[in-house]
Amino acid sequence: MIELRTPAQIDQMRPAGRFVASVITSLADKAAVGVNLLELDERAHKMIRDAGAESCYIDYHPSFGASPFGKVLCTSVNDAVLHGLPHDYTLQDGDLLSVDFAASVDGWVSDSALSVIVGTPDPKDQALIDTTQRALDAGIAAARPGNKLGDISFAIGSVAAEAGLKVNLQFGGHGVGRTMHGEPHVPNDGRAGRGLKLKPGLVIAIEPWFLHTTDEIQFDPDGWTIRSADGSRGAHTEHTIAITSGDPVVLTARD
Ligand code: MG
């Protein structure tokens with residue numbers, strides 16, 4: 001079921017968005033050569049405790065998960081791009097790190113992700129990150145009443161196509177509200193003018209993620225971490241946004 005939020009409810013969702021943005025910013029600042037992924041998870045966990053927020057991930061146990069996730073953060077490094085389970089790994093120079101974080105504040109969820117390069121960037125990796133960011137911006141710009149869901153997907157997919165990237169459609173954006181994952185599914189490619197009519201009050205996470213040279217993925221034995229099938233690197237970026245009668249509100253906007 002697709003739920004629409006009133007302007008008052010969208011205002012109630014702002015603290016969660018601000019909190020999630022503050023965690024993503026803090027993690028991006030902390031990520032450096034020599035930092036362990038478990039330290040990033042611990043930092044996010046402490047921020048959750050200090051804020052009185054609730055993790056959306058720690059008890060998350062979907063049908064494809066081997067067991068509850070057990071951490072508060074996804075950390076995906078290099079050829080891992082989504083759902084990376086934080087583990088004992090120390091970041092190295094040139095690593096491409098994607099962090100994905102969702103939490104609930106005052107009963108409302110926000111969800112956001114960001115990729116950063118640790119230490120010396122490879123220009124190809126930086127270009128990949130920049131492309132996902134442009135795709136996110138294009139998707140948000142299309143999130144307006146009068147458009148359809150397919151216009152968001154088409155906007156994202158067009159940026160990928162222009163950059164010569166193919167898009168995996170298995171995982172994409174989603175409705176956000178009292179829980180982390182609701183309808184509608186927001187694919188990262190699609191046909192303009194098709195699908196759900198966008199209306200004020202629709203709150204969704206838009207999350208382009210692209211790989212350098214493949215659209216095929218594989219799962220790690222941990223049952224969570226998703227890697228490219230060919231070892232090429234991936235980047236991921238995500239905001240939770242609210243469609244309004246005017247411009248879309250980016251609830252997880254970072255300063
Ligand atoms: Mg997310």
# chains A, B, ... in the order shown; residues from 1 in each chain; ligands from 1
>>> residues_around(residues="range 162-175 of chain A", least_positions_apart="5", cutoff="9 Å", atoms="only C-alpha atoms", output="ChimeraX atom specification")
/A:2-3,82,128,131,157,180-189,202-217,238,240
>>> write_last_selection(atoms="C-alpha atoms", output="PDB file, in the first residue's frame")
ATOM      1  CA  ILE A   2       1.271   3.457  -0.872  1.00  0.00           C
ATOM      2  CA  GLU A   3       0.781   5.969   1.933  1.00  0.00           C
ATOM      3  CA  LEU A  82      25.326  -2.702  -1.189  1.00  0.00           C
ATOM      4  CA  LEU A 128      31.781   6.772 -10.759  1.00  0.00           C
ATOM      5  CA  THR A 131      27.894   9.897 -11.820  1.00  0.00           C
ATOM      6  CA  GLY A 157      18.945   5.553 -15.821  1.00  0.00           C
ATOM      7  CA  MET A 180      12.382   1.468   6.305  1.00  0.00           C
ATOM      8  CA  HIS A 181      10.993  -0.284   3.237  1.00  0.00           C
ATOM      9  CA  GLY A 182       7.560   0.432   1.830  1.00  0.00           C
ATOM     10  CA  GLU A 183       5.937   0.786  -1.536  1.00  0.00           C
ATOM     11  CA  PRO A 184       6.633   1.905  -4.142  1.00  0.00           C
ATOM     12  CA  HIS A 185       9.805   0.282  -5.416  1.00  0.00           C
ATOM     13  CA  VAL A 186      11.835   2.953  -7.248  1.00  0.00           C
ATOM     14  CA  PRO A 187      13.961   1.240  -9.925  1.00  0.00           C
ATOM     15  CA  ASN A 188      17.155   2.943 -11.059  1.00  0.00           C
ATOM     16  CA  ASP A 189      16.046   2.788 -14.691  1.00  0.00           C
ATOM     17  CA  LEU A 202       4.839  10.596  -1.208  1.00  0.00           C
ATOM     18  CA  VAL A 203       8.061   9.996   0.756  1.00  0.00           C
ATOM     19  CA  ILE A 204      10.670   7.830  -0.936  1.00  0.00           C
ATOM     20  CA  ALA A 205      14.323   6.941  -0.756  1.00  0.00           C
ATOM     21  CA  ILE A 206      16.015   7.434  -4.119  1.00  0.00           C
ATOM     22  CA  GLU A 207      19.257   5.475  -4.302  1.00  0.00           C
ATOM     23  CA  PRO A 208      21.264   5.081  -7.491  1.00  0.00           C
ATOM     24  CA  TRP A 209      24.103   2.595  -7.269  1.00  0.00           C
ATOM     25  CA  PHE A 210      26.290   1.831 -10.232  1.00  0.00           C
ATOM     26  CA  LEU A 211      29.182  -0.497 -11.021  1.00  0.00           C
ATOM     27  CA  HIS A 212      32.076   0.230 -13.384  1.00  0.00           C
ATOM     28  CA  THR A 213      31.686  -2.568 -15.913  1.00  0.00           C
ATOM     29  CA  THR A 214      28.805  -4.918 -15.091  1.00  0.00           C
ATOM     30  CA  ASP A 215      25.199  -4.974 -13.932  1.00  0.00           C
ATOM     31  CA  GLU A 216      25.589  -8.438 -12.424  1.00  0.00           C
ATOM     32  CA  ILE A 217      26.007  -9.018  -8.703  1.00  0.00           C
ATOM     33  CA  GLU A 238      20.836   7.939  -1.424  1.00  0.00           C
ATOM     34  CA  THR A 240      15.076  10.294   1.552  1.00  0.00           C
TER      35      THR A 240
END
>>> closest_atom_pairs(of="range 52-133 of chain A", to="range 19-24 of chain A", cutoff="8 Å", atoms="only C-alpha atoms", output="Markdown table")
| residue | atom | partner | partner_atom | distance |
| --- | --- | --- | --- | --- |
| A:Val99 | CA | A:Ile24 | CA | 7.4 |
| A:Asp100 | CA | A:Ile24 | CA | 7.8 |
| A:Phe101 | CA | A:Val20 | CA | 6.8 |
| A:Ala102 | CA | A:Val20 | CA | 6.5 |
| A:Ala103 | CA | A:Val20 | CA | 6.6 |
| A:Val105 | CA | A:Phe19 | CA | 7.9 |
| A:Ser110 | CA | A:Val20 | CA | 6.4 |
| A:Asp111 | CA | A:Val20 | CA | 6.8 |
| A:Ser112 | CA | A:Val20 | CA | 6.8 |
| A:Ala113 | CA | A:Ile24 | CA | 7.1 |
| A:Leu114 | CA | A:Ile24 | CA | 7.2 |
>>> closest_residue(among="A:Val81, A:Leu196, A:Gly107, A:Ile117", to="Leu149 in chain A", atoms="only C-alpha atoms")
A:Leu196
>>> closest_residue(among="A:Pro15, A:Gly246, A:Pro7, A:Pro86", to="Gly201 in chain A", atoms="only C-alpha atoms")
A:Pro7
>>> closest_residue(among="A:Ile58, A:Ala66, A:Ile140, A:Ala16", to="Pro221 in chain A", atoms="only C-alpha atoms")
A:Ala66
>>> residues_around(residues="Thr120 in chain A", least_positions_apart="4", cutoff="9 Å", atoms="only C-alpha atoms", output="number ranges by chain")
A: 93-95
>>> write_last_selection(atoms="C-alpha atoms", output="CSV table (one decimal), in the first residue's frame")
chain,number,residue,atom,x,y,z
A,93,ASP,CA,44.7,4.0,0.7
A,94,GLY,CA,42.4,4.3,-2.4
A,95,ASP,CA,39.5,2.2,-1.0
>>> atom_distance(atom1="CA of Tyr60 in chain A", atom2="CA of His45 in chain A")
15.0 Å
>>> select_by_dssp(residues="range 88-204 of chain A", states="strand (DSSP E or B)", output="JSON, numbers by chain")
{"A": [90, 96, 97, 98, 99, 100, 101, 102, 103, 104, 105, 108, 109, 110, 111, 112, 113, 114, 115, 116, 117, 145, 147, 148, 173, 174, 175, 182, 183, 184, 185, 186, 197, 203, 204]}
>>> atom_distance(atom1="CA of Gly65 in chain A", atom2="CA of Thr179 in chain A")
17.5 Å
>>> residues_around(residues="Ile152 in chain A", least_positions_apart="2", cutoff="7 Å", atoms="only C-alpha atoms", output="PyMOL selection string")
chain A and resi 139+142-143+149-150+154-156
>>> select_by_dssp(residues="range 122-250 of chain A", states="helix (DSSP H, G or I)", output="ChimeraX atom specification")
/A:123-141,149-162
>>> residues_around(residues="Val77 in chain A", least_positions_apart="5", cutoff="12 Å", atoms="only C-alpha atoms", output="mmCIF file with C-alpha atoms, in the first residue's frame")
data_model
loop_
_atom_site.group_PDB
_atom_site.id
_atom_site.type_symbol
_atom_site.label_atom_id
_atom_site.label_comp_id
_atom_site.auth_asym_id
_atom_site.auth_seq_id
_atom_site.Cartn_x
_atom_site.Cartn_y
_atom_site.Cartn_z
ATOM 1 C CA ALA A 31 36.614 7.282 7.148
ATOM 2 C CA ASN A 36 38.360 -0.248 10.841
ATOM 3 C CA LEU A 37 34.827 -0.798 9.538
ATOM 4 C CA LEU A 82 25.326 -2.702 -1.189
ATOM 5 C CA HIS A 83 24.410 -4.181 2.205
ATOM 6 C CA GLY A 84 28.032 -4.672 3.263
ATOM 7 C CA LEU A 85 28.086 -6.198 6.738
ATOM 8 C CA PRO A 86 30.661 -4.313 8.845
ATOM 9 C CA HIS A 87 33.506 -6.676 9.685
ATOM 10 C CA TYR A 89 38.636 -4.713 7.902
ATOM 11 C CA THR A 90 40.983 -1.738 8.082
ATOM 12 C CA LEU A 91 40.571 0.824 5.311
ATOM 13 C CA GLN A 92 43.475 1.103 2.867
ATOM 14 C CA ASP A 93 44.668 3.953 0.671
ATOM 15 C CA GLY A 94 42.423 4.263 -2.379
ATOM 16 C CA ASP A 95 39.508 2.221 -1.022
ATOM 17 C CA LEU A 96 36.069 3.188 -2.274
ATOM 18 C CA LEU A 97 33.754 3.028 0.742
ATOM 19 C CA SER A 98 29.956 3.189 0.581
ATOM 20 C CA VAL A 99 28.062 3.742 3.833
ATOM 21 C CA ASP A 100 24.312 3.271 4.062
ATOM 22 C CA LEU A 114 27.140 8.042 0.410
ATOM 23 C CA SER A 115 30.326 6.794 -1.244
ATOM 24 C CA VAL A 116 33.721 8.266 -0.433
ATOM 25 C CA ILE A 117 37.276 7.493 -1.422
ATOM 26 C CA VAL A 118 39.730 6.899 1.383
ATOM 27 C CA ASP A 125 36.359 5.857 -8.952
ATOM 28 C CA THR A 225 27.267 -8.156 1.237
ATOM 29 C CA ILE A 226 26.560 -7.628 -2.472
ATOM 30 C CA ARG A 227 29.514 -7.421 -4.858
ATOM 31 C CA SER A 228 29.897 -6.894 -8.560
ATOM 32 C CA GLY A 231 35.242 -7.455 -9.330
ATOM 33 C CA SER A 232 34.684 -3.922 -10.643
ATOM 34 C CA ARG A 233 34.009 -1.244 -8.089
ATOM 35 C CA GLY A 234 30.655 0.284 -7.222
ATOM 36 C CA ALA A 235 29.297 3.536 -5.818
ATOM 37 C CA HIS A 236 26.013 4.296 -4.062
#
